[in-house]
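So this block is start.cif, mmCIF, C-alpha atoms and all ligand atoms:
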data_target
loop_
_atom_site.label_atom_id
_atom_site.label_comp_id
_atom_site.auth_asym_id
_atom_site.auth_seq_id
_atom_site.Cartn_x
_atom_site.Cartn_y
_atom_site.Cartn_z
CA MET A 1 116.67 118.03 42.97
CA PHE A 2 117.69 115.97 39.90
CA SER A 3 120.62 117.04 37.79
CA THR A 4 120.59 116.84 33.99
CA PRO A 5 123.51 117.04 31.57
CA ASP A 6 122.68 120.64 30.71
CA ARG A 7 121.98 121.56 34.34
CA PRO A 8 124.79 120.43 36.65
CA PRO A 9 124.09 120.24 40.40
CA SER A 10 125.94 123.47 41.01
CA SER A 11 123.34 125.38 38.95
CA PHE A 12 120.49 124.38 41.26
CA VAL A 13 118.58 127.44 42.37
CA PRO A 14 116.43 126.82 45.45
CA PRO A 15 112.84 128.04 45.34
CA PRO A 16 112.66 131.70 46.35
CA SER A 17 112.50 131.98 50.12
CA PRO A 18 110.48 134.80 51.59
CA PRO A 19 112.41 137.98 52.34
CA SER A 20 113.74 137.94 55.89
CA ASP A 21 111.79 141.07 56.82
CA ARG A 22 108.49 139.60 55.57
CA ALA A 23 105.97 139.99 58.36
CA SER A 24 102.33 139.33 59.09
CA VAL A 25 100.52 142.67 59.33
CA LEU A 26 97.12 143.26 60.92
CA CYS A 27 94.92 145.00 58.34
CA GLY A 28 91.32 144.19 59.29
CA LEU A 29 89.38 143.80 62.54
CA ALA A 30 85.78 143.17 63.55
CA GLY A 31 83.68 141.76 66.34
CA TRP A 32 80.15 140.46 66.36
CA LEU A 33 77.78 139.60 69.20
CA PRO A 34 74.48 137.77 68.99
CA ALA A 35 71.59 140.16 69.65
CA ARG A 36 70.36 138.62 72.91
CA ALA A 37 71.97 140.36 75.92
CA VAL A 38 71.53 138.52 79.23
CA THR A 39 71.89 140.64 82.36
CA ASN A 40 72.94 139.51 85.82
CA GLU A 41 69.40 140.29 86.98
CA GLU A 42 67.98 137.90 84.40
CA LEU A 43 70.32 135.11 85.56
CA SER A 44 69.51 135.87 89.21
CA GLN A 45 65.86 135.11 88.53
CA ARG A 46 66.58 131.41 87.92
CA LEU A 47 69.94 130.85 89.67
CA ASP A 48 70.91 131.25 93.32
CA THR A 49 73.10 134.29 92.65
CA SER A 50 72.90 138.09 92.54
CA ASP A 51 74.02 141.02 90.44
CA THR A 52 76.27 142.16 93.30
CA TRP A 53 77.98 138.76 93.66
CA ILE A 54 78.63 138.47 89.93
CA ARG A 55 79.90 142.02 89.52
CA THR A 56 82.17 141.99 92.57
CA ARG A 57 83.60 138.48 91.91
CA THR A 58 83.96 138.69 88.13
CA GLY A 59 83.41 142.27 86.89
CA ILE A 60 80.66 141.06 84.54
CA SER A 61 77.30 142.86 84.17
CA ARG A 62 75.94 141.17 81.08
CA ARG A 63 76.85 138.75 78.31
CA HIS A 64 75.29 137.75 74.98
CA PHE A 65 73.79 134.34 74.24
CA ALA A 66 73.20 132.83 70.82
CA GLU A 67 69.59 132.01 70.00
CA PRO A 68 68.63 128.33 69.90
CA GLY A 69 69.75 127.05 66.51
CA GLN A 70 72.43 129.74 66.14
CA ALA A 71 75.80 127.95 65.90
CA THR A 72 79.41 129.07 66.25
CA SER A 73 79.80 129.25 62.45
CA ASP A 74 76.90 131.71 62.27
CA LEU A 75 78.73 134.10 64.60
CA ALA A 76 82.07 133.44 62.87
CA VAL A 77 80.65 134.28 59.44
CA GLU A 78 79.31 137.62 60.73
CA ALA A 79 82.63 138.61 62.31
CA GLY A 80 84.60 137.27 59.34
CA HIS A 81 82.51 139.19 56.82
CA ARG A 82 83.02 142.44 58.73
CA ALA A 83 86.76 141.85 59.14
CA LEU A 84 87.14 141.31 55.38
CA ARG A 85 85.23 144.54 54.79
CA SER A 86 87.46 146.32 57.31
CA ALA A 87 90.52 145.03 55.43
CA GLY A 88 89.02 146.09 52.10
CA THR A 89 89.41 142.63 50.60
CA ALA A 90 87.16 139.76 49.58
CA ASP A 91 89.94 137.26 49.15
CA VAL A 92 92.30 135.37 51.47
CA ASP A 93 94.51 132.30 51.09
CA ALA A 94 93.53 130.70 54.39
CA VAL A 95 90.71 130.81 56.95
CA VAL A 96 91.53 129.81 60.53
CA VAL A 97 88.80 129.43 63.14
CA ALA A 98 89.80 129.20 66.81
CA THR A 99 86.98 127.66 68.83
CA THR A 100 86.11 125.31 71.68
CA THR A 101 82.54 124.99 70.45
CA PRO A 102 82.79 123.87 66.81
CA ASP A 103 79.50 123.30 65.00
CA ARG A 104 80.30 119.57 64.97
CA SER A 105 83.12 117.37 66.26
CA CYS A 106 83.72 116.45 62.59
CA PRO A 107 84.39 118.18 60.24
CA ALA A 108 86.11 121.40 61.29
CA THR A 109 84.10 124.62 61.31
CA ALA A 110 86.56 126.71 59.26
CA PRO A 111 85.80 125.15 55.81
CA LEU A 112 82.09 125.79 56.35
CA VAL A 113 82.79 129.41 57.38
CA ALA A 114 85.11 129.87 54.39
CA GLY A 115 82.45 128.50 52.04
CA ARG A 116 79.77 130.81 53.45
CA LEU A 117 82.12 133.77 53.03
CA GLY A 118 82.63 132.95 49.35
CA LEU A 119 86.16 131.69 50.02
CA THR A 120 85.83 128.13 48.72
CA GLY A 121 89.29 126.95 47.69
CA ALA A 122 91.11 128.68 50.55
CA ALA A 123 92.92 126.49 53.07
CA ALA A 124 90.69 126.21 56.16
CA PHE A 125 91.26 124.63 59.56
CA ASP A 126 90.29 124.96 63.21
CA ILE A 127 92.51 125.70 66.18
CA SER A 128 91.63 124.02 69.48
CA ALA A 129 93.37 125.79 72.34
CA VAL A 130 90.32 126.86 74.40
CA CYS A 131 90.66 130.47 75.62
CA THR A 132 94.22 130.72 74.22
CA GLY A 133 92.86 129.83 70.77
CA PHE A 134 93.07 133.32 69.30
CA VAL A 135 96.76 133.77 70.21
CA TYR A 136 97.59 130.27 68.91
CA GLY A 137 95.64 131.16 65.76
CA LEU A 138 97.55 134.40 65.41
CA ALA A 139 100.82 132.47 65.64
CA SER A 140 99.63 129.94 63.03
CA ALA A 141 98.40 132.62 60.63
CA THR A 142 101.60 134.59 61.09
CA SER A 143 103.67 131.48 60.38
CA LEU A 144 101.76 130.81 57.14
CA ILE A 145 102.46 134.37 56.03
CA THR A 146 106.10 134.66 57.08
CA ALA A 147 106.87 131.25 55.53
CA GLY A 148 105.52 132.56 52.22
CA MET A 149 102.65 130.02 52.16
CA ALA A 150 99.92 132.66 52.30
CA ASP A 151 99.66 136.35 51.48
CA ARG A 152 96.42 136.95 53.39
CA VAL A 153 94.76 135.03 56.22
CA LEU A 154 91.39 135.50 57.90
CA LEU A 155 91.57 134.47 61.56
CA ILE A 156 88.33 134.20 63.53
CA GLY A 157 87.91 133.47 67.24
CA ALA A 158 84.34 132.33 67.85
CA ASP A 159 82.59 130.54 70.68
CA THR A 160 79.09 129.73 71.85
CA TYR A 161 79.72 128.67 75.44
CA SER A 162 75.98 128.86 76.11
CA THR A 163 75.76 125.56 74.18
CA ILE A 164 78.14 123.68 76.52
CA VAL A 165 77.67 125.34 79.93
CA ASP A 166 75.05 123.80 82.20
CA PRO A 167 72.44 126.58 82.54
CA ASP A 168 71.85 125.46 86.14
CA ASP A 169 75.55 125.67 87.10
CA ARG A 170 75.69 129.06 88.82
CA THR A 171 79.50 129.21 88.84
CA ASN A 172 80.01 128.83 85.09
CA ALA A 173 76.69 130.13 83.73
CA ILE A 174 77.47 133.63 84.98
CA ILE A 175 80.97 133.84 83.50
CA PHE A 176 80.67 132.79 79.89
CA GLY A 177 79.10 134.54 76.92
CA ASP A 178 78.91 133.99 73.17
CA GLY A 179 80.57 136.06 70.46
CA ALA A 180 83.03 136.22 67.60
CA GLY A 181 85.96 138.42 66.69
CA ALA A 182 88.06 138.34 63.55
CA VAL A 183 91.22 139.81 62.08
CA VAL A 184 92.74 139.84 58.60
CA LEU A 185 96.51 139.53 58.33
CA ARG A 186 98.47 140.33 55.18
CA ALA A 187 102.07 140.00 54.11
CA GLY A 188 104.07 143.14 54.82
CA ARG A 189 107.25 144.41 56.40
CA ALA A 190 108.38 143.99 60.01
CA ASP A 191 108.74 147.76 60.48
CA GLU A 192 105.13 148.54 59.46
CA PRO A 193 102.46 149.43 62.05
CA GLY A 194 100.37 146.31 62.56
CA ALA A 195 103.31 143.93 62.12
CA VAL A 196 102.70 141.03 64.49
CA GLY A 197 105.85 140.59 66.52
CA HIS A 198 107.20 138.22 69.09
CA PHE A 199 105.23 135.29 70.48
CA ASP A 200 105.40 133.18 73.59
CA LEU A 201 103.30 129.98 73.50
CA GLY A 202 103.11 127.17 76.04
CA SER A 203 101.09 124.33 77.55
CA ASP A 204 100.89 122.03 80.55
CA GLY A 205 98.73 118.97 79.89
CA THR A 206 99.06 117.78 83.49
CA GLY A 207 96.38 120.37 84.23
CA GLU A 208 93.91 118.84 81.74
CA GLU A 209 91.27 118.12 84.38
CA LEU A 210 91.00 121.75 85.52
CA ILE A 211 88.94 122.74 82.46
CA MET A 212 87.13 120.11 80.42
CA VAL A 213 84.07 118.75 78.70
CA ALA A 214 84.51 115.10 79.75
CA ALA A 215 82.24 113.36 77.22
CA GLY A 216 81.91 113.48 73.46
CA GLY A 217 85.50 112.74 72.47
CA SER A 218 87.23 109.39 71.94
CA ARG A 219 87.97 109.01 75.69
CA GLN A 220 84.34 109.04 76.75
CA ARG A 221 81.99 108.75 73.82
CA SER A 222 78.52 110.21 73.86
CA THR A 223 76.70 106.92 73.36
CA PRO A 224 73.15 107.35 74.68
CA GLY A 225 72.77 105.69 78.09
CA GLU A 226 76.50 105.31 78.69
CA VAL A 227 77.33 108.89 79.57
CA ASP A 228 76.45 110.85 82.68
CA PRO A 229 74.51 113.83 81.21
CA GLN A 230 76.60 116.11 83.45
CA ASP A 231 79.76 114.99 81.59
CA ARG A 232 78.47 116.64 78.41
CA TYR A 233 78.76 120.02 80.09
CA PHE A 234 81.77 122.30 80.49
CA ALA A 235 83.40 121.79 83.91
CA MET A 236 85.99 124.04 85.56
CA ARG A 237 87.82 124.02 88.89
CA GLY A 238 87.47 127.79 89.26
CA LYS A 239 89.81 128.53 92.16
CA GLU A 240 92.76 126.59 90.71
CA VAL A 241 92.11 127.99 87.23
CA TYR A 242 92.12 131.47 88.73
CA ARG A 243 95.61 130.99 90.21
CA HIS A 244 97.02 129.45 87.00
CA ALA A 245 95.46 132.22 84.88
CA VAL A 246 97.25 134.92 86.86
CA THR A 247 100.66 133.26 87.02
CA ARG A 248 100.67 131.92 83.43
CA MET A 249 99.51 135.15 81.77
CA THR A 250 101.98 137.21 83.80
CA ALA A 251 104.90 134.89 83.02
CA SER A 252 103.97 134.64 79.33
CA ALA A 253 103.65 138.42 79.00
CA ARG A 254 107.07 138.85 80.61
CA ALA A 255 108.63 136.19 78.35
CA THR A 256 107.29 137.96 75.26
CA LEU A 257 108.67 141.31 76.37
CA LYS A 258 112.04 139.69 76.97
CA LEU A 259 112.06 138.16 73.48
CA ALA A 260 111.24 141.58 72.03
CA ASP A 261 113.88 143.24 74.20
CA CYS A 262 111.20 145.50 75.70
CA GLU A 263 110.42 146.69 79.21
CA VAL A 264 106.99 146.58 80.84
CA ASP A 265 106.87 150.36 80.57
CA ASP A 266 107.11 150.09 76.77
CA VAL A 267 103.62 148.52 76.73
CA ASP A 268 100.91 151.09 76.00
CA ARG A 269 97.99 148.65 76.20
CA LEU A 270 97.64 145.19 77.70
CA VAL A 271 94.80 143.23 76.11
CA PRO A 272 94.38 140.01 78.08
CA HIS A 273 91.92 137.22 77.53
CA GLN A 274 88.87 138.49 79.43
CA ALA A 275 88.63 135.72 82.04
CA ASN A 276 87.60 137.60 85.19
CA LEU A 277 88.25 141.26 86.00
CA ARG A 278 90.01 140.30 89.27
CA ILE A 279 92.36 138.02 87.30
CA LEU A 280 93.13 140.82 84.84
CA ARG A 281 93.83 143.32 87.62
CA SER A 282 96.17 140.85 89.32
CA VAL A 283 98.10 140.34 86.07
CA VAL A 284 98.44 144.11 85.63
CA ASP A 285 99.59 144.48 89.26
CA ASP A 286 102.07 141.59 89.01
CA LEU A 287 103.53 143.02 85.80
CA GLY A 288 103.85 146.45 87.42
CA LEU A 289 101.80 148.07 84.66
CA PRO A 290 99.72 151.22 85.38
CA ALA A 291 96.07 150.14 85.82
CA GLU A 292 94.81 152.48 83.06
CA ARG A 293 96.78 150.53 80.43
CA LEU A 294 94.51 147.49 80.90
CA VAL A 295 91.98 147.04 78.09
CA THR A 296 88.84 145.30 79.27
CA ASN A 297 85.29 144.86 78.01
CA ILE A 298 84.39 141.94 80.29
CA ASP A 299 81.68 144.06 81.92
CA ALA A 300 79.60 143.94 78.71
CA VAL A 301 80.46 140.54 77.19
CA GLY A 302 81.75 138.16 79.91
CA ASN A 303 84.30 135.51 79.01
CA THR A 304 83.80 134.73 75.31
CA GLY A 305 86.61 132.16 74.98
CA ALA A 306 88.53 132.39 71.72
CA ALA A 307 86.53 135.50 70.74
CA SER A 308 87.60 137.39 73.82
CA ILE A 309 90.80 139.12 72.63
CA PRO A 310 89.59 140.18 69.16
CA LEU A 311 86.30 141.39 70.68
CA ALA A 312 88.23 143.43 73.27
CA LEU A 313 90.42 144.83 70.48
CA ALA A 314 87.39 145.71 68.35
CA ASP A 315 85.69 147.42 71.29
CA ALA A 316 88.85 149.33 72.23
CA ALA A 317 89.49 150.43 68.65
CA ALA A 318 85.85 151.56 68.24
CA GLN A 319 86.12 153.60 71.46
CA HIS A 320 89.62 154.89 70.58
CA THR A 321 91.05 153.30 73.73
CA ILE A 322 93.75 151.92 71.46
CA GLU A 323 95.32 154.37 69.04
CA PRO A 324 97.54 153.75 66.02
CA GLY A 325 101.22 153.61 66.93
CA GLU A 326 100.63 152.21 70.43
CA ARG A 327 102.45 149.07 71.48
CA VAL A 328 99.88 146.40 72.34
CA LEU A 329 100.60 143.23 74.32
CA LEU A 330 98.10 140.37 74.03
CA THR A 331 98.12 137.59 76.61
CA ALA A 332 95.85 134.59 77.10
CA PHE A 333 95.33 131.54 79.24
CA GLY A 334 92.95 128.64 78.78
CA GLY A 335 92.14 124.97 79.11
CA GLY A 336 94.75 122.43 78.20
CA LEU A 337 96.32 124.12 80.05
CA THR A 338 97.53 126.53 77.39
CA TRP A 339 98.86 130.07 77.37
CA GLY A 340 100.33 132.54 74.93
CA SER A 341 101.24 136.17 74.35
CA CYS A 342 102.09 138.38 71.42
CA LEU A 343 103.33 141.93 70.89
CA LEU A 344 102.37 144.27 68.05
CA THR A 345 102.23 147.94 67.15
CA TRP A 346 98.68 149.10 66.54
CA PRO A 347 97.86 150.09 62.93
CA ALA A 348 95.21 152.47 61.59
CA LEU A 349 92.16 150.30 60.85
CA SER A 350 88.63 150.79 59.70
CA GLN A 351 86.23 148.63 61.69
CA THR A 352 82.73 148.45 63.16
CA ASP A 353 81.44 148.43 66.71
CA PRO A 354 80.73 144.82 67.81
CA HIS A 355 77.85 146.07 69.94
CA ASP A 356 76.11 147.31 66.81
CA THR A 357 74.19 144.06 66.39
CA GLY A 358 71.57 145.60 64.17
CA GLY A 359 70.91 142.74 61.80
CA THR A 360 73.15 140.34 59.98
CA HIS A 361 75.13 141.40 56.98
CA ALA A 362 77.01 138.29 55.97
CA PRO A 363 76.45 136.85 52.49
N1 LIG A 401 76.62 133.32 92.96
C1 LIG A 401 76.72 133.27 94.29
N2 LIG A 401 77.58 132.46 94.93
C2 LIG A 401 78.38 131.71 94.18
C3 LIG A 401 78.35 131.72 92.76
C4 LIG A 401 77.41 132.57 92.17
N3 LIG A 401 77.29 132.68 90.84
N4 LIG A 401 79.28 130.87 92.29
C5 LIG A 401 79.88 130.33 93.36
N5 LIG A 401 79.33 130.83 94.49
C6 LIG A 401 79.68 130.54 95.87
C7 LIG A 401 80.34 129.20 96.05
O1 LIG A 401 79.39 128.17 96.11
C8 LIG A 401 81.07 129.40 97.36
O2 LIG A 401 80.18 129.22 98.40
P1 LIG A 401 80.68 128.52 99.78
O3 LIG A 401 81.75 129.44 100.31
O4 LIG A 401 79.44 128.50 100.59
O5 LIG A 401 81.18 127.18 99.39
C9 LIG A 401 81.46 130.87 97.31
O6 LIG A 401 80.61 131.48 96.32
C10 LIG A 401 82.88 131.11 96.91
O7 LIG A 401 83.15 130.29 95.79
P2 LIG A 401 84.51 130.33 95.06
O8 LIG A 401 84.53 129.29 93.98
O9 LIG A 401 85.58 130.33 96.11
O10 LIG A 401 84.41 131.79 94.44
P3 LIG A 401 85.50 132.58 93.68
O11 LIG A 401 85.67 133.88 94.34
O12 LIG A 401 86.70 131.73 93.41
O13 LIG A 401 84.80 132.85 92.29
C11 LIG A 401 84.91 132.07 90.04
C12 LIG A 401 84.40 131.77 91.45
C13 LIG A 401 84.52 130.92 89.13
C14 LIG A 401 84.23 133.35 89.56
C15 LIG A 401 86.44 132.25 90.09
O14 LIG A 401 87.00 131.13 90.71
C16 LIG A 401 87.02 132.42 88.75
O15 LIG A 401 86.80 133.43 88.11
N6 LIG A 401 87.84 131.45 88.29
C17 LIG A 401 88.49 131.54 87.01
C18 LIG A 401 87.48 131.46 85.94
C19 LIG A 401 88.08 131.68 84.61
O16 LIG A 401 88.70 132.67 84.38
N7 LIG A 401 87.89 130.76 83.72
C20 LIG A 401 88.34 130.86 82.41
C21 LIG A 401 89.79 130.66 82.33
S1 LIG A 401 90.22 130.68 80.69
#
Could you express the structure from this file as structure tokens?
Ligand code: COA
Amino acid sequence: MFSTPDRPPSSFVPPPSPPSDRASVLCGLAGWLPARAVTNEELSQRLDTSDTWIRTRTGISRRHFAEPGQATSDLAVEAGHRALRSAGTADVDAVVVATTTPDRSCPATAPLVAGRLGLTGAAAFDISAVCTGFVYGLASATSLITAGMADRVLLIGADTYSTIVDPDDRTNAIIFGDGAGAVVLRAGRADEPGAVGHFDLGSDGTGEELIMVAAGGSRQRSTPGEVDPQDRYFAMRGKEVYRHAVTRMTASARATLKLADCEVDDVDRLVPHQANLRILRSVVDDLGLPAERLVTNIDAVGNTGAASIPLALADAAAQHTIEPGERVLLTAFGGGLTWGSCLLTWPALSQTDPHDTGGTHAP
């Protein structure tokens, strides 16, 4: 800061910093699923698998697939529009889209989504943290708000895994589904219901090869003729991922509780990334949490990547499985490897059922 004769250095007043109890408060929530539901029976007709195998190994009965030509932004706009309506606002300062399946590798999907939601002018960027994307996005949105850089943020987790999973790969084709979930966060106070609390975030890049789409980036470009077509598909070393998912989500959940000075018993609902029902049950067991506190909708949607946690929240809120005032712990694990958890107290929200896919309502 420059000093002038009539303003000596001692008179410098720093720009107002946000109040120390300024918090990011959840005030809108919505989920959206593409209309096409794909049952295990349907998959069993073209893959060497069965309804029994899929249900017993993963807990999944059906998932939704986008129609050909339907992109991640199309799902994100639907969820985003509903979340804004749930929050009772048409205006935000930033739009964050967490996704592994952006419409294009360049540019980001968030500016397009913002534009289609009538939010041109808002800051807009994507988060790439695979299935941990929503929790990383929540941390980013919360940081924008608590730093005083934004008063309202729309955060959308959206993925169309059906566009990157090999339809003939029976291991992955049965797990993943498409969908979008969105939340609106506003500036508020730390003691309000909905205030997003402590976070634990982490990564381990030495596990990069466990979950990847090998081609299409700068390492292995998608030049026609130079790329093995198989390298354009999502690949996962399922057994190793399974073990990491259990240990990382459990450790991250514990670390978050420690930061918040809470005990496991203080958690009313655990909402994990919906990876595989057996994984979720192991996390609950390892944490020592009563089984009925687990929130899961994997049976009806499969693993929807970055959409998974907000879709599970929207389902649980619609079915009153989560009630205002309850302490909710979110935990996620994904490619990278990445993981993250977050604690919040559930607010009273108005929102719609993500399974009500009757038509599109976005502008
Ligand atoms: N239908 C029938 N059989 C199948 C199958 C399917 N859809 N997919 C795999 N199999 C077979 C395998 O070929 C293998 O056969 P083999 O014993 O003759 O070799 C057998 O089932 C066991 O395979 P395995 O990979 O050991 O099964 P699993 O119990 O580990 O389940 C996953 C496979 C992918 C469901 C499981 O590893 C998993 O859920 N991993 C984590 C996935 C995940 O959460 N990813 C996202 C993280 S963010």
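Minimum atom-to-atom distances from A:Ala300, A:Leu43, A:Val77, A:Leu155 to ligand LIG 401 (chain A) were compared using all atoms listed in the file, and the lowest value belongs to A:Leu43.
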Show me the residues close to (76.8, 142.2, 79.1) - anything with an atom within 7 Å, counting all atoms listed in the file - and format the list as a list in words.
Ala37, Val38, Thr39, Ile60, Ser61, Arg62, Arg63, His64, Asp299, Ala300, Val301 and Gly302 of chain A
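Between Gly202 (chain A) and the candidates A:Asn303, A:Thr338, A:Thr256, A:Ser20, the tightest atom-to-atom separation, counting all atoms listed in the file, involves A:Thr338.
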Given 4 Å on each side, where is the centre and what are the edge lengths in Å to one decimal of the axis-aligned box enclosing the listed atoms of ligand LIG 401 (chain A), as lines of an AutoDock Vina configuration file?
center_x = 83.4
center_y = 130.5
center_z = 90.6
size_x = 21.6
size_y = 14.7
size_z = 27.9
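Each of A:Thr321, A:Asn297, A:Thr109, A:Thr100 was compared to Gly334 (chain A) using only C-alpha atoms, and A:Thr100 turns out to be the nearest.
The space separating CA of Gly197 (chain A) from atom C19 of ligand LIG 401 (chain A) comes to 26.9 Å.
Among A:Ala312, A:Leu289, A:Ala253, A:Ala110, the residue with the shortest atom-to-atom distance to Thr331 (chain A), counting all atoms listed in the file, is A:Ala253.
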Expected selection as a PyMOL selection string for ligand LIG 401 (chain A) within 8 Å, only C-alpha atoms and all ligand atoms:
chain A and resi 47-50+53-54+57-58+130-132+170-175+211+236-243+245+273-276+278-279+303+305+332-335
Which neighbours of Leu33 (chain A) fall inside 9 Å, counting all atoms listed in the file, when residues of the same chain fewer than 6 positions from it are skipped, and could you give them as JSON, numbers by chain?
{"A": [64, 65, 66, 75, 78, 79, 178, 179, 180, 181, 301, 311, 354, 355, 356, 357]}
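Our summary of the geometry notes that CA of Ala87 (chain A) is positioned 23.9 Å from CA of Thr296 (chain A).
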Excluding Val165 (chain A) and its own-chain neighbours fewer than 6 positions away, which residues fall within 9 Å of it when counting all atoms listed in the file? Please give them as a ChimeraX atom specification.
/A:172-173,176,232-235
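Using all atoms listed in the file, the smallest distance between any of A:Leu144, A:Ala348, A:Ala306, A:Ala108 and Leu29 (chain A) comes from A:Ala348.
Computed from the coordinates, the CA of Asp231 (chain A) to CA of Gly336 (chain A) distance equals 17.1 Å.
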Leu343 (chain A) environment, 6 Å, only C-alpha atoms, sequence neighbours closer than 4 positions dropped, as a list in words:
Gly197, His198, Val328 and Leu329 of chain A
Near Asp285 (chain A), within 12 Å and counting all atoms listed in the file, which residues show up once chain neighbours fewer than 2 positions away are dropped, as JSON, numbers by chain?
{"A": [246, 247, 249, 250, 264, 270, 278, 279, 280, 281, 282, 283, 287, 288, 289, 290, 291, 292, 293, 294]}
Polymer residues at most 8 Å from Ala141 (chain A), only C-alpha atoms, same-chain spacing of 6 or more positions, as JSON, numbers by chain
{"A": [24, 96, 153, 155, 185]}
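Here the residues that fall within 10 Å of (98.5, 129.7, 70.3), using only C-alpha atoms, are given as Ala98, Ile127, Ser128, Ala129, Val130, Cys131, Thr132, Gly133, Phe134, Val135, Tyr136, Gly137, Leu138, Ala139, Ser140, Phe199, Asp200, Leu201, Gly202, Ser203, Ala332, Phe333, Thr338, Trp339, Gly340, Ser341 and Cys342 of chain A.
Of the listed residues (A:Arg85, A:Lys258, A:Arg248, A:Arg55), A:Arg248 comes nearest to Pro272 (chain A); the distances count all atoms listed in the file.
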